[in-house]
file input_14.pdb (PDB, C-alpha atoms)
MODEL        1
ATOM      1  CA  MET A   1       0.030 -24.984   7.596  1.00  0.00           C
ATOM      2  CA  THR A   2      -0.948 -21.977   9.718  1.00  0.00           C
ATOM      3  CA  THR A   3      -4.364 -20.498   9.155  1.00  0.00           C
ATOM      4  CA  LEU A   4      -3.031 -17.140   7.920  1.00  0.00           C
ATOM      5  CA  LYS A   5      -0.616 -18.798   5.500  1.00  0.00           C
ATOM      6  CA  SER A   6      -3.356 -21.074   4.137  1.00  0.00           C
ATOM      7  CA  LYS A   7      -5.637 -18.032   3.732  1.00  0.00           C
ATOM      8  CA  LEU A   8      -2.888 -16.335   1.698  1.00  0.00           C
ATOM      9  CA  GLN A   9      -2.558 -19.480  -0.432  1.00  0.00           C
ATOM     10  CA  ASP A  10      -6.339 -19.685  -0.981  1.00  0.00           C
ATOM     11  CA  ASP A  11      -6.493 -15.986  -1.879  1.00  0.00           C
ATOM     12  CA  LEU A  12      -3.590 -16.465  -4.302  1.00  0.00           C
ATOM     13  CA  ASN A  13      -5.459 -19.296  -6.046  1.00  0.00           C
ATOM     14  CA  ALA A  14      -8.589 -17.128  -6.262  1.00  0.00           C
ATOM     15  CA  ALA A  15      -6.585 -14.178  -7.634  1.00  0.00           C
ATOM     16  CA  ILE A  16      -5.003 -16.388 -10.295  1.00  0.00           C
ATOM     17  CA  LYS A  17      -8.433 -17.687 -11.359  1.00  0.00           C
ATOM     18  CA  GLU A  18      -9.769 -14.105 -11.501  1.00  0.00           C
ATOM     19  CA  ARG A  19      -6.688 -13.050 -13.494  1.00  0.00           C
ATOM     20  CA  ASP A  20      -5.973 -10.329 -10.892  1.00  0.00           C
ATOM     21  CA  GLU A  21      -2.304  -9.760 -11.764  1.00  0.00           C
ATOM     22  CA  LEU A  22      -1.553  -7.232  -9.004  1.00  0.00           C
ATOM     23  CA  ARG A  23      -3.039  -9.342  -6.221  1.00  0.00           C
ATOM     24  CA  SER A  24      -1.548 -12.627  -7.439  1.00  0.00           C
ATOM     25  CA  SER A  25       1.981 -11.232  -7.858  1.00  0.00           C
ATOM     26  CA  THR A  26       1.837  -9.533  -4.442  1.00  0.00           C
ATOM     27  CA  LEU A  27       0.650 -12.715  -2.734  1.00  0.00           C
ATOM     28  CA  ARG A  28       3.281 -14.788  -4.574  1.00  0.00           C
ATOM     29  CA  LEU A  29       6.061 -12.501  -3.329  1.00  0.00           C
ATOM     30  CA  THR A  30       4.679 -12.577   0.207  1.00  0.00           C
ATOM     31  CA  LEU A  31       4.376 -16.369   0.260  1.00  0.00           C
ATOM     32  CA  ALA A  32       7.944 -16.589  -1.067  1.00  0.00           C
ATOM     33  CA  ALA A  33       9.109 -14.347   1.800  1.00  0.00           C
ATOM     34  CA  ILE A  34       7.257 -16.564   4.284  1.00  0.00           C
ATOM     35  CA  THR A  35       8.842 -19.707   2.813  1.00  0.00           C
ATOM     36  CA  LYS A  36      12.263 -18.045   2.898  1.00  0.00           C
ATOM     37  CA  GLU A  37      11.734 -17.255   6.586  1.00  0.00           C
ATOM     38  CA  GLU A  38      10.670 -20.853   7.254  1.00  0.00           C
ATOM     39  CA  VAL A  39      13.826 -22.330   5.742  1.00  0.00           C
ATOM     40  CA  ALA A  40      16.211 -19.736   7.194  1.00  0.00           C
ATOM     41  CA  GLY A  41      18.475 -20.988   9.928  1.00  0.00           C
ATOM     42  CA  LYS A  42      19.644 -24.508  10.642  1.00  0.00           C
ATOM     43  CA  GLU A  43      16.381 -26.375  10.087  1.00  0.00           C
ATOM     44  CA  LYS A  44      13.051 -25.881   8.345  1.00  0.00           C
ATOM     45  CA  ARG A  45      10.167 -24.911  10.612  1.00  0.00           C
ATOM     46  CA  GLU A  46       6.516 -23.921  10.413  1.00  0.00           C
ATOM     47  CA  LEU A  47       5.858 -20.247  11.190  1.00  0.00           C
ATOM     48  CA  SER A  48       3.105 -19.337  13.643  1.00  0.00           C
ATOM     49  CA  ASP A  49       0.378 -16.895  12.608  1.00  0.00           C
ATOM     50  CA  ASP A  50       2.153 -14.131  14.574  1.00  0.00           C
ATOM     51  CA  GLU A  51       5.407 -14.800  12.723  1.00  0.00           C
ATOM     52  CA  VAL A  52       3.579 -14.862   9.380  1.00  0.00           C
ATOM     53  CA  GLN A  53       1.981 -11.535  10.305  1.00  0.00           C
ATOM     54  CA  LYS A  54       5.426 -10.057  11.039  1.00  0.00           C
ATOM     55  CA  VAL A  55       6.627 -11.169   7.603  1.00  0.00           C
ATOM     56  CA  ILE A  56       3.555  -9.565   5.975  1.00  0.00           C
ATOM     57  CA  ALA A  57       4.161  -6.354   7.967  1.00  0.00           C
ATOM     58  CA  ARG A  58       7.793  -6.317   6.832  1.00  0.00           C
ATOM     59  CA  GLU A  59       6.728  -6.794   3.205  1.00  0.00           C
ATOM     60  CA  ALA A  60       4.139  -4.000   3.520  1.00  0.00           C
ATOM     61  CA  LYS A  61       6.799  -1.677   4.951  1.00  0.00           C
ATOM     62  CA  LYS A  62       9.084  -2.488   1.996  1.00  0.00           C
ATOM     63  CA  ARG A  63       6.261  -1.493  -0.361  1.00  0.00           C
ATOM     64  CA  ARG A  64       5.705   1.835   1.429  1.00  0.00           C
ATOM     65  CA  GLU A  65       9.421   2.661   1.383  1.00  0.00           C
ATOM     66  CA  ALA A  66       9.713   1.678  -2.286  1.00  0.00           C
ATOM     67  CA  ALA A  67       6.680   3.817  -3.167  1.00  0.00           C
ATOM     68  CA  ASP A  68       8.302   6.827  -1.470  1.00  0.00           C
ATOM     69  CA  ALA A  69      11.601   6.184  -3.253  1.00  0.00           C
ATOM     70  CA  PHE A  70       9.908   5.876  -6.660  1.00  0.00           C
ATOM     71  CA  ALA A  71       7.854   9.022  -6.041  1.00  0.00           C
ATOM     72  CA  GLN A  72      10.993  10.982  -5.164  1.00  0.00           C
ATOM     73  CA  GLY A  73      12.793   9.492  -8.149  1.00  0.00           C
ATOM     74  CA  GLY A  74      10.154  10.766 -10.566  1.00  0.00           C
ATOM     75  CA  ARG A  75       8.534   7.393 -11.353  1.00  0.00           C
ATOM     76  CA  PRO A  76       4.896   7.943 -10.331  1.00  0.00           C
ATOM     77  CA  GLU A  77       3.512   4.868 -12.166  1.00  0.00           C
ATOM     78  CA  GLN A  78       5.914   2.553 -10.288  1.00  0.00           C
ATOM     79  CA  ALA A  79       5.121   4.365  -7.007  1.00  0.00           C
ATOM     80  CA  GLU A  80       1.392   3.741  -7.602  1.00  0.00           C
ATOM     81  CA  ARG A  81       2.067   0.040  -8.207  1.00  0.00           C
ATOM     82  CA  GLU A  82       4.003  -0.237  -4.920  1.00  0.00           C
ATOM     83  CA  LYS A  83       1.231   1.606  -3.044  1.00  0.00           C
ATOM     84  CA  ALA A  84      -1.376  -0.743  -4.507  1.00  0.00           C
ATOM     85  CA  GLU A  85       0.687  -3.786  -3.440  1.00  0.00           C
ATOM     86  CA  GLY A  86       0.963  -2.289   0.055  1.00  0.00           C
ATOM     87  CA  GLU A  87      -2.822  -1.917   0.198  1.00  0.00           C
ATOM     88  CA  VAL A  88      -3.277  -5.572  -0.786  1.00  0.00           C
ATOM     89  CA  LEU A  89      -0.983  -6.612   2.083  1.00  0.00           C
ATOM     90  CA  ALA A  90      -2.705  -4.239   4.531  1.00  0.00           C
ATOM     91  CA  THR A  91      -5.866  -6.345   4.280  1.00  0.00           C
ATOM     92  CA  TYR A  92      -3.990  -9.187   6.034  1.00  0.00           C
ATOM     93  CA  LEU A  93      -2.685  -7.031   8.885  1.00  0.00           C
ATOM     94  CA  PRO A  94      -4.506  -5.950  12.041  1.00  0.00           C
ATOM     95  CA  LYS A  95      -6.131  -2.525  11.892  1.00  0.00           C
ATOM     96  CA  GLN A  96      -3.584   0.203  12.615  1.00  0.00           C
ATOM     97  CA  LEU A  97      -4.118   2.389  15.675  1.00  0.00           C
ATOM     98  CA  SER A  98      -5.276   5.940  15.056  1.00  0.00           C
ATOM     99  CA  ASP A  99      -3.053   8.778  16.277  1.00  0.00           C
ATOM    100  CA  ASP A 100      -5.433   9.445  19.189  1.00  0.00           C
ATOM    101  CA  GLU A 101      -5.431   5.788  20.298  1.00  0.00           C
ATOM    102  CA  LEU A 102      -1.640   5.628  20.020  1.00  0.00           C
ATOM    103  CA  ASN A 103      -1.190   8.861  21.996  1.00  0.00           C
ATOM    104  CA  ALA A 104      -3.480   7.556  24.759  1.00  0.00           C
ATOM    105  CA  ILE A 105      -1.452   4.331  25.100  1.00  0.00           C
ATOM    106  CA  VAL A 106       1.829   6.283  25.069  1.00  0.00           C
ATOM    107  CA  ALA A 107       0.540   8.789  27.678  1.00  0.00           C
ATOM    108  CA  GLN A 108      -0.399   5.912  29.986  1.00  0.00           C
ATOM    109  CA  ALA A 109       3.050   4.332  29.504  1.00  0.00           C
ATOM    110  CA  VAL A 110       4.775   7.664  30.250  1.00  0.00           C
ATOM    111  CA  GLU A 111       2.830   7.857  33.515  1.00  0.00           C
ATOM    112  CA  GLU A 112       3.853   4.291  34.397  1.00  0.00           C
ATOM    113  CA  ALA A 113       7.510   5.067  33.624  1.00  0.00           C
ATOM    114  CA  ARG A 114       7.409   8.256  35.701  1.00  0.00           C
ATOM    115  CA  ALA A 115       5.876   6.313  38.580  1.00  0.00           C
ATOM    116  CA  ALA A 116       8.808   3.888  38.272  1.00  0.00           C
ATOM    117  CA  GLY A 117      11.247   6.820  38.525  1.00  0.00           C
ATOM    118  CA  ALA A 118      12.141   7.417  34.852  1.00  0.00           C
ATOM    119  CA  GLU A 119      12.245  11.123  33.929  1.00  0.00           C
ATOM    120  CA  GLY A 120      12.958  13.273  30.872  1.00  0.00           C
ATOM    121  CA  PRO A 121      14.349  12.143  27.521  1.00  0.00           C
ATOM    122  CA  ARG A 122      16.327   9.337  29.204  1.00  0.00           C
ATOM    123  CA  ALA A 123      13.004   7.639  29.990  1.00  0.00           C
ATOM    124  CA  MET A 124      12.523   6.806  26.292  1.00  0.00           C
ATOM    125  CA  GLY A 125      13.765   3.205  26.654  1.00  0.00           C
ATOM    126  CA  ALA A 126      11.607   2.518  29.696  1.00  0.00           C
ATOM    127  CA  VAL A 127       8.514   3.929  27.983  1.00  0.00           C
ATOM    128  CA  MET A 128       9.177   1.989  24.751  1.00  0.00           C
ATOM    129  CA  LYS A 129       9.452  -1.260  26.761  1.00  0.00           C
ATOM    130  CA  ILE A 130       5.987  -0.606  28.184  1.00  0.00           C
ATOM    131  CA  VAL A 131       4.383   0.568  24.902  1.00  0.00           C
ATOM    132  CA  ASN A 132       5.764  -1.952  22.373  1.00  0.00           C
ATOM    133  CA  PRO A 133       3.953  -5.070  23.673  1.00  0.00           C
ATOM    134  CA  LYS A 134       0.664  -3.131  23.806  1.00  0.00           C
ATOM    135  CA  VAL A 135       0.835  -1.885  20.211  1.00  0.00           C
ATOM    136  CA  ALA A 136       2.630  -4.825  18.568  1.00  0.00           C
ATOM    137  CA  GLY A 137       1.527  -5.070  14.952  1.00  0.00           C
ATOM    138  CA  GLN A 138      -0.892  -2.162  15.264  1.00  0.00           C
ATOM    139  CA  ALA A 139       1.551   0.725  14.903  1.00  0.00           C
ATOM    140  CA  GLU A 140       4.922   1.116  13.220  1.00  0.00           C
ATOM    141  CA  GLY A 141       7.944   1.570  15.455  1.00  0.00           C
ATOM    142  CA  GLY A 142       8.721   4.976  13.953  1.00  0.00           C
ATOM    143  CA  ARG A 143       5.240   6.283  14.761  1.00  0.00           C
ATOM    144  CA  VAL A 144       5.494   4.949  18.311  1.00  0.00           C
ATOM    145  CA  ALA A 145       8.939   6.468  18.882  1.00  0.00           C
ATOM    146  CA  ALA A 146       7.787   9.844  17.547  1.00  0.00           C
ATOM    147  CA  ALA A 147       4.763   9.843  19.869  1.00  0.00           C
ATOM    148  CA  VAL A 148       6.938   8.902  22.877  1.00  0.00           C
ATOM    149  CA  LYS A 149       9.487  11.653  22.076  1.00  0.00           C
ATOM    150  CA  LYS A 150       6.716  14.213  21.701  1.00  0.00           C
ATOM    151  CA  LEU A 151       5.144  13.340  25.059  1.00  0.00           C
ATOM    152  CA  LEU A 152       8.465  13.144  26.914  1.00  0.00           C
ATOM    153  CA  ALA A 153       9.546  16.519  25.551  1.00  0.00           C
ATOM    154  CA  GLY A 154       6.195  18.153  26.240  1.00  0.00           C
TER     155      GLY A 154
ENDMDL
END

call {"tool": "encode", "arguments": {"input": "input_14.pdb", "output": "structure tokens"}}
result
Amino acid sequence: MTTLKSKLQDDLNAAIKERDELRSSTLRLTLAAITKEEVAGKEKRELSDDEVQKVIAREAKKRREAADAFAQGGRPEQAEREKAEGEVLATYLPKQLSDDELNAIVAQAVEEARAAGAEGPRAMGAVMKIVNPKVAGQAEGGRVAAAVKKLLAG
């Protein structure tokens, strides 16, 4: 078992003992998603810590989107629950980059792309190829794309 997955399992056991319903249900759902990912495809396999982290990030994103949908739908108590679940999952993810840190990485990538001959809005793909490996897991794709568009347009 990977170290991150075993940490989730240990935290789930602790949450159950503490009768922390929010934490235990969130961790149960996340572990179920990890197991589902492990058995998807032709044969069962063990996920690496990076793959487990991607599953956790995907689950956290689902919680954020659901919280927005519930808030817009006039169900604030359900939106709060989804936000709280997202915060539980955030503790297992790497620290997100601040806007300033993200903009600095994107600015450097834009310079690299321009040096390679990519100009204007068409350079978006080239810049994203440079930026994505540097910010993997530390910034959402939408935030990265918005920062790249802003710098290319400016």

call {"tool": "closest_residue", "arguments": {"input": "input_14.pdb", "among": "A:Pro94, A:Gly117, A:Gly141, A:Glu59", "to": "A:Ala32", "atoms": "all atoms listed in the file"}}
result
A:Glu59

call {"tool": "resolve_selection", "arguments": {"input": "input_14.pdb", "expression": "the PyMOL selection byres ((chain A and resi 67) around 6)", "output": "list in words"}}
result
Arg64, Glu65, Ala66, Asp68, Ala69, Phe70, Ala79, Glu82 and Lys83 of chain A

call {"tool": "closest_residue", "arguments": {"input": "input_14.pdb", "among": "A:Met128, A:Ala146, A:Ala115, A:Val55", "to": "A:Asp99", "atoms": "only C-alpha atoms"}}
result
A:Ala146

call {"tool": "axis_aligned_box", "arguments": {"input": "input_14.pdb", "around": "stretch 75-94 of chain A", "padding_each_side": "5 Å", "output": "lines of an AutoDock Vina configuration file"}}
result
center_x = 1.3
center_y = -0.6
center_z = -0.1
size_x = 24.4
size_y = 27.1
size_z = 34.2

call {"tool": "resolve_selection", "arguments": {"input": "input_14.pdb", "expression": "the PyMOL selection byres ((chain A and resi 135) around 10)", "output": "ChimeraX atom specification"}}
result
/A:96-97,101-102,105-106,130-134,136-141,144

call {"tool": "residues_around", "arguments": {"input": "input_14.pdb", "residues": "A:Thr30", "least_positions_apart": "5", "cutoff": "9 Å", "atoms": "all atoms listed in the file", "output": "ChimeraX atom specification"}}
result
/A:8,25,35,55-56,59,89

call {"tool": "atom_distance", "arguments": {"input": "input_14.pdb", "atom1": "atom CA of A:Arg23", "atom2": "atom CA of A:Glu85"}}
result
7.2 Å

call {"tool": "residues_around", "arguments": {"input": "input_14.pdb", "residues": "stretch 4-6 of chain A", "least_positions_apart": "4", "cutoff": "7 Å", "atoms": "all atoms listed in the file", "output": "list in words"}}
result
Asp10, Asp49 and Val52 of chain A

call {"tool": "atom_distance", "arguments": {"input": "input_14.pdb", "atom1": "atom CA of A:Ile34", "atom2": "atom CA of A:Gln53"}}
result
9.5 Å

call {"tool": "residues_near_point", "arguments": {"input": "input_14.pdb", "point": "(-0.6, -3.8, 6.0)", "cutoff": "9 Å", "atoms": "only C-alpha atoms", "output": "number ranges by chain"}}
result
A: 56-61, 86-96

call {"tool": "closest_residue", "arguments": {"input": "input_14.pdb", "among": "A:Ala147, A:Gly73, A:Ser48, A:Arg19", "to": "A:Asp100", "atoms": "all atoms listed in the file"}}
result
A:Ala147

call {"tool": "atom_distance", "arguments": {"input": "input_14.pdb", "atom1": "atom CA of A:Glu51", "atom2": "atom CA of A:Arg28"}}
result
17.4 Å

call {"tool": "residues_around", "arguments": {"input": "input_14.pdb", "residues": "A:Asn13", "least_positions_apart": "4", "cutoff": "8 Å", "atoms": "all atoms listed in the file", "output": "PyMOL selection string"}}
result
chain A and resi 9+17+24

call {"tool": "closest_residue", "arguments": {"input": "input_14.pdb", "among": "A:Glu21, A:Lys149, A:Ile16, A:Lys62", "to": "A:Ala33", "atoms": "only C-alpha atoms"}}
result
A:Lys62

call {"tool": "resolve_selection", "arguments": {"input": "input_14.pdb", "expression": "the PyMOL selection byres ((chain A and resi 124) around 10)", "output": "NGL selection string"}}
result
:A and (110 or 113 or 118-123 or 125-129 or 145 or 148-149 or 151-152)

call {"tool": "write_last_selection", "arguments": {"input": "input_14.pdb", "atoms": "C-alpha atoms", "output": "PDB file, in the coordinates of the input"}}
result
ATOM      1  CA  VAL A 110       4.775   7.664  30.250  1.00  0.00           C
ATOM      2  CA  ALA A 113       7.510   5.067  33.624  1.00  0.00           C
ATOM      3  CA  ALA A 118      12.141   7.417  34.852  1.00  0.00           C
ATOM      4  CA  GLU A 119      12.245  11.123  33.929  1.00  0.00           C
ATOM      5  CA  GLY A 120      12.958  13.273  30.872  1.00  0.00           C
ATOM      6  CA  PRO A 121      14.349  12.143  27.521  1.00  0.00           C
ATOM      7  CA  ARG A 122      16.327   9.337  29.204  1.00  0.00           C
ATOM      8  CA  ALA A 123      13.004   7.639  29.990  1.00  0.00           C
ATOM      9  CA  GLY A 125      13.765   3.205  26.654  1.00  0.00           C
ATOM     10  CA  ALA A 126      11.607   2.518  29.696  1.00  0.00           C
ATOM     11  CA  VAL A 127       8.514   3.929  27.983  1.00  0.00           C
ATOM     12  CA  MET A 128       9.177   1.989  24.751  1.00  0.00           C
ATOM     13  CA  LYS A 129       9.452  -1.260  26.761  1.00  0.00           C
ATOM     14  CA  ALA A 145       8.939   6.468  18.882  1.00  0.00           C
ATOM     15  CA  VAL A 148       6.938   8.902  22.877  1.00  0.00           C
ATOM     16  CA  LYS A 149       9.487  11.653  22.076  1.00  0.00           C
ATOM     17  CA  LEU A 151       5.144  13.340  25.059  1.00  0.00           C
ATOM     18  CA  LEU A 152       8.465  13.144  26.914  1.00  0.00           C
TER      19      LEU A 152
END
